[in-house]
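What follows is a short report on a single structure.
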Amino acid sequence: MNYTDLRLDQVEYHKSLLGMLKVFDRICKEEGMPYSLAGGTLLGAARHQGFIPWDDDVDVFLLRPDFERFIEKYSHGELIDGRYQISSMKTGLKEIPIARLLDMKVKVKHDTSVSIPKHAWIDIVPFDAIPNDGKEAQKLIKKLAKWREYRILGNALPGSGKSRRRRIVRTFWGIVLRGLHLIRPISKHIDRLAKKTNFEESKQLAEIVIKGNYNGRASLELFLHPVLLPFEGYRFMCMPDYSDYLRGQYGMDYLKLMPKNLRESHGVRAWLDKKYLSEEEKKALKNQTYTFE
């Protein structure tokens with residue numbers, strides 16, 4: 001850690017993410033909720049037995065019924081273990097229809113989206129049922145993909161984007177959608193669409209509130225009986241058919257490292273937030289003996 005500006009390095013930031021993942025794992029075990037590592041976190045578990053070296057976030061899935069139960073119980077603003085907090089649409093999160101576990105000790109900054117929180121976080125994503133009928137599933141995904149694009153445009157920071165045209169489009173629509181206060185209604189509509197399929201009648205699950213596609217699918221029956229995969233010296237729950245999910249999301253050769261020019265992170269920068277330190281920690285910080293845990 002840089003004692004001058006309290007900037008955290010990547011190793012320390014990964015410690016924060018791992019700490020949140022351990023808290024989430026403990027809560028889910030106490031509540032009897034099966035979950036699964038997801039997205040790049042699951043890919044990291046399968047390929048690196050830990051974080052993808054350049055990654056800077058954590059994603060987990062909860063079955064939609066458990067997700068609703070989770071946010072109902074924990075979205076009240078109180079600190080967990082004196083340090084962690086749940087953010088969801090129930091507590092005012094409007095940019096994206098998921099929940100987040102925040103590490104209040106760690107402040108973050110990001111240059112491309114207003115949907116990134118002000119503290120270190122892990123994404124808790126509902127794993128939703130999709131229609132068994134292929135045509136009905138495609139109709140649902142098509143609707144979600146359209147609304148997902150609106151959500152991304154609404155959350156874009158002015159001037160962000162890889163091309164000049166993209167920067168102009170994102171800046172214009174970001175200002176319009178935020179100016180008309182449409183971000184929360186868009187997120188709510190995505191949430192309603194995602195919950196449309198009867199969970200008891202479907203056999204398939206997909207990450208549809210974020211991706212707007214169903215490339216990474218999983219079996220509901222198998223999800224209820226997770227396996228444990230090693231991750232940074234610990235073992236966390238994963239869907240048993242995680243290979244099928246990863247092939248759908250990242251291709252048949254998902255275990256192969258991608259070219260360096262395609263290795264992208266979220267560009268998160270992190271600092272220690274002194275407001276949430278104990279007096280003992282503040283004293284150690286002053287004496288430059290503080291170690292981030």
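How things are named: the first chain in the structure tokens is A, the next is B, and so on; residues count from 1 in each chain; ligands count from 1 in the order shown.
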
Item checked: Test item: residues at most 12 Å from A:Arg69, only C-alpha atoms, excluding those fewer than 5 positions along its chain, as a PyMOL selection string -> chain A and resi 28+31-33+62-64+74-75+90+99+126

Note to self: Between A:Tyr242, A:Val176, A:Lys162, A:Ile124, which residue has the minimum interatomic distance to A:Pro226, considering only C-alpha atoms?
What the structure shows: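 For A:Pro226, the nearest of the candidates is A:Tyr242.
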
Next item on the list: Kindly give the distance, in Å, that separates atom CA of A:Leu222 and atom CA of A:Pro53, rounded to a single decimal.
Entry: 29.3 Å

Notebook entry, point to check: A:Lys109, A:Glu78, A:Leu205, A:Leu177: which is nearest A:Thr91, counting only C-alpha atoms?
Noted result: A:Glu78

Margin query: Measuring between only C-alpha atoms, which one of A:Lys118, A:Arg47, A:Lys256, A:Lys22 shows the shortest distance to A:Arg269?
Written below: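 The closest residue to A:Arg269 is A:Lys118.
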
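Shell of stretch 139-141 of chain A at 12 Å, with only C-alpha atoms counted and residues fewer than 4 places along the chain excluded, is A:Asp128, A:Ala129, A:Ile130, A:Pro131, A:Asn132, A:Asp133, A:Gly134, A:Lys135, A:Ala145, A:Lys146, A:Trp147, A:Arg148, A:Ile190, A:Arg192, A:Leu193, A:Ala194, A:Lys195, A:Lys196, A:Thr197, A:Ala206, A:Glu207, A:Ile208, A:Val209, A:Ile210, A:Lys211, A:Gly212, A:Asn213, A:Tyr214, A:Asn215.
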
Next item on the list: as JSON, numbers by chain, list the residues of stretch 96-265 of chain A assigned to alpha helix (DSSP H) by DSSP on the backbone atoms of this structure.
Entry: {"A": [134, 135, 136, 137, 138, 139, 140, 141, 142, 143, 144, 145, 146, 147, 148, 149, 150, 151, 152, 153, 154, 155, 164, 165, 166, 167, 168, 169, 170, 171, 172, 173, 174, 175, 176, 177, 178, 179, 183, 184, 185, 186, 187, 188, 189, 190, 191, 192, 193, 194, 220, 221, 222, 223, 242, 243, 244, 245, 246, 247, 248, 249, 250]}

Next item on the list: Return as a ChimeraX atom specification the full set of residues in stretch 1-62 of chain A whose backbone-based DSSP assignment is strand (DSSP E).
Entry: /A:35-37,59-62

File dump, residues just selected, N, CA, C and O atoms, as a CSV table (one decimal), in the first residue's frame:
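What landed in selection-v9.csv:
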chain,number,residue,atom,x,y,z
A,35,TYR,N,-25.1,-21.6,-4.3
A,35,TYR,CA,-24.7,-20.5,-5.2
A,35,TYR,C,-23.6,-21.1,-6.2
A,35,TYR,O,-23.2,-22.2,-6.1
A,36,SER,N,-23.2,-20.3,-7.1
A,36,SER,CA,-22.1,-20.7,-7.9
A,36,SER,C,-21.2,-19.4,-8.3
A,36,SER,O,-21.7,-18.3,-8.5
A,37,LEU,N,-19.9,-19.7,-8.3
A,37,LEU,CA,-19.1,-18.7,-8.9
A,37,LEU,C,-19.5,-18.5,-10.4
A,37,LEU,O,-20.1,-19.4,-11.0
A,59,ASP,N,-17.9,-12.3,-9.5
A,59,ASP,CA,-19.3,-12.5,-9.9
A,59,ASP,C,-19.8,-13.8,-9.3
A,59,ASP,O,-19.0,-14.8,-9.3
A,60,VAL,N,-21.0,-13.8,-8.7
A,60,VAL,CA,-21.6,-15.1,-8.2
A,60,VAL,C,-23.0,-15.1,-8.6
A,60,VAL,O,-23.7,-14.1,-8.8
A,61,PHE,N,-23.6,-16.3,-8.8
A,61,PHE,CA,-25.0,-16.5,-9.1
A,61,PHE,C,-25.7,-17.0,-7.8
A,61,PHE,O,-25.2,-17.9,-7.1
A,62,LEU,N,-26.9,-16.5,-7.7
A,62,LEU,CA,-27.9,-17.1,-6.8
A,62,LEU,C,-29.2,-17.4,-7.6
A,62,LEU,O,-29.6,-16.6,-8.4

Margin query: Neighbouring residues of A:Thr4 were defined as those with any atom within 12 Å, considering only C-alpha atoms; residues of the same chain fewer than 6 positions away were excluded. Please report them as a list in words.
Written below: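 Those residues are Trp271, Leu272, Leu285, Lys286 and Gln288 of chain A.
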
Next item on the list: Might you pull out every residue within 8 Å of A:Glu95, with only C-alpha atoms counted and same-chain residues fewer than 3 positions away left off, and present them as a PyMOL selection string?
Entry: chain A and resi 114-115+151+155+183-184+187
